[in-house]
Amino acid sequence: MPSRSLSFISFAGVLILAVACSGDDPAGPGALSQINSSSDPLSSAVKSDVAVAAGNAIASGVESLTANEASAVGSLIVLAPAFDGVSGADAPSSPPPSEPKPTPAPTAESCSFNADALLYTCVKSAEGRSVVKSYQFRDAAGNAMEKFVRGTTESIHYLLKADDSEAKDNYTSVSHSLRDVTLSGFLGPNRIWNGFGSSADTNSHTEDLSRRKYTGLSVDTVKAVTFVDERATHPYPLSGTAIRVVDYAVVSTGKQVEITTVHKRVVVTFNGTAAVPISLGDYTCVLHLDTHKVDGCN
């Protein structure tokens, strides 16, 4: 059915356009004439700021991945009858009474289902965050499904639009993002995330009497970010990478005004623990997924 994929195609088109535009100068046309070469102290501060902002965004993203899986699967799970040698008219037509009952969706999240497109859409707002999430269950052949069925559903395709704002310590951030990600592996022991996204960001870092403001675009990619199914004892990704490429205009104010631009590729490599390496070329730090803190930089 053409309508079944229409919403996904429309959203993906906007996302691809946003990603393509990320190569543009985030400061706008003509901004190159305003750029001053940055001083060594500012260059060092920029590396630290980008690592902190990207680390926070990636750690938040990992938490969102887990929450999105729990929300979609936990509230709509249906168990496929196990094969026990019974077939035909004697086969059970519904899950046995002892199986878990569907968990009600959180009251803060309002969801609807488009039966023609087999697409769920949820809206959730909380302090500092507003999210519109669409997702679709798919079998091993990539066919859309009405519900999550354990033993049949192989993946979930998500499209996410989020508006976020945050203020803590000496750091503030505002972002407007689009994400297209797929969670696969439901027929095996691991859950694997792949996808990409883009966002328009405004970040501010205050240090002593100076303030550095970053405005521009970022592009995110998650590659084979793998969790085990049992999260109670393995809450962090076993492997995979999250990559964030930023293009920002930077204005530093304090003793003097400095204007520059920054293009950085930030890579986080997951290792099954809360402490993971985060690198910007030859500048490396440790990202703590549990606290979102970045330290140990050199």
# chains A, B, ... in the order shown; residues from 1 in each chain; ligands from 1
$ residues_around --residues "Ala45 of chain A" --least-positions-apart "4" --cutoff "10 Å" --atoms "only C-alpha atoms" --output "list of chain:residue names"
A:Ser39, A:Asp40, A:Pro41, A:Asp49, A:Val50, A:Ala51, A:His205, A:Glu207, A:Arg212
$ write_last_selection --atoms "N, CA and C atoms" --output "mmCIF file, in the first residue's frame"
data_model
loop_
_atom_site.group_PDB
_atom_site.id
_atom_site.type_symbol
_atom_site.label_atom_id
_atom_site.label_comp_id
_atom_site.auth_asym_id
_atom_site.auth_seq_id
_atom_site.Cartn_x
_atom_site.Cartn_y
_atom_site.Cartn_z
ATOM 1 N N SER A 39 42.941 31.850 18.925
ATOM 2 C CA SER A 39 44.144 31.765 19.739
ATOM 3 C C SER A 39 44.289 30.360 20.295
ATOM 4 N N ASP A 40 45.484 30.044 20.781
ATOM 5 C CA ASP A 40 45.707 28.732 21.370
ATOM 6 C C ASP A 40 44.798 28.462 22.561
ATOM 7 N N PRO A 41 44.625 29.431 23.502
ATOM 8 C CA PRO A 41 43.704 29.175 24.621
ATOM 9 C C PRO A 41 42.276 28.899 24.153
ATOM 10 N N ASP A 49 34.991 22.007 25.070
ATOM 11 C CA ASP A 49 33.555 22.295 24.983
ATOM 12 C C ASP A 49 32.848 21.322 24.053
ATOM 13 N N VAL A 50 33.455 21.057 22.889
ATOM 14 C CA VAL A 50 32.832 20.157 21.914
ATOM 15 C C VAL A 50 32.749 18.745 22.481
ATOM 16 N N ALA A 51 33.802 18.308 23.181
ATOM 17 C CA ALA A 51 33.775 16.978 23.792
ATOM 18 C C ALA A 51 32.671 16.877 24.835
ATOM 19 N N HIS A 205 28.978 27.862 26.931
ATOM 20 C CA HIS A 205 29.845 27.446 28.024
ATOM 21 C C HIS A 205 30.389 28.701 28.714
ATOM 22 N N GLU A 207 32.995 30.180 31.642
ATOM 23 C CA GLU A 207 34.182 29.844 32.425
ATOM 24 C C GLU A 207 34.816 31.131 32.932
ATOM 25 N N ARG A 212 31.502 31.273 25.828
ATOM 26 C CA ARG A 212 31.665 30.813 24.455
ATOM 27 C C ARG A 212 30.330 30.271 23.958
#
$ residues_around --residues "Thr121 of chain A" --least-positions-apart "2" --cutoff "8 Å" --atoms "only C-alpha atoms" --output "list in words"
Cys111, Ser112, Phe113, Leu119, Val123, Val132, Lys133, Ser134 and Tyr135 of chain A
$ write_last_selection --atoms "C-alpha atoms" --output "mmCIF file, in the first residue's frame"
data_model
loop_
_atom_site.group_PDB
_atom_site.id
_atom_site.type_symbol
_atom_site.label_atom_id
_atom_site.label_comp_id
_atom_site.auth_asym_id
_atom_site.auth_seq_id
_atom_site.Cartn_x
_atom_site.Cartn_y
_atom_site.Cartn_z
ATOM 1 C CA CYS A 111 -0.055 7.606 21.240
ATOM 2 C CA SER A 112 -2.185 6.818 18.202
ATOM 3 C CA PHE A 113 -2.197 4.045 15.596
ATOM 4 C CA LEU A 119 2.338 3.169 12.055
ATOM 5 C CA VAL A 123 3.825 12.646 21.475
ATOM 6 C CA VAL A 132 7.223 13.246 18.378
ATOM 7 C CA LYS A 133 7.985 9.584 17.714
ATOM 8 C CA SER A 134 6.723 7.368 14.904
ATOM 9 C CA TYR A 135 7.595 3.698 14.697
#
$ closest_residue --among "A:Val246, A:Leu287, A:Ala117, A:Val222" --to "Gly61 of chain A" --atoms "only C-alpha atoms"
A:Val222
$ residues_around --residues "Gly240 of chain A" --least-positions-apart "4" --cutoff "12 Å" --atoms "only C-alpha atoms" --output "VMD selection string"
chain A and resid 62 191 to 195 221 to 227 236 267 to 272 276 to 277
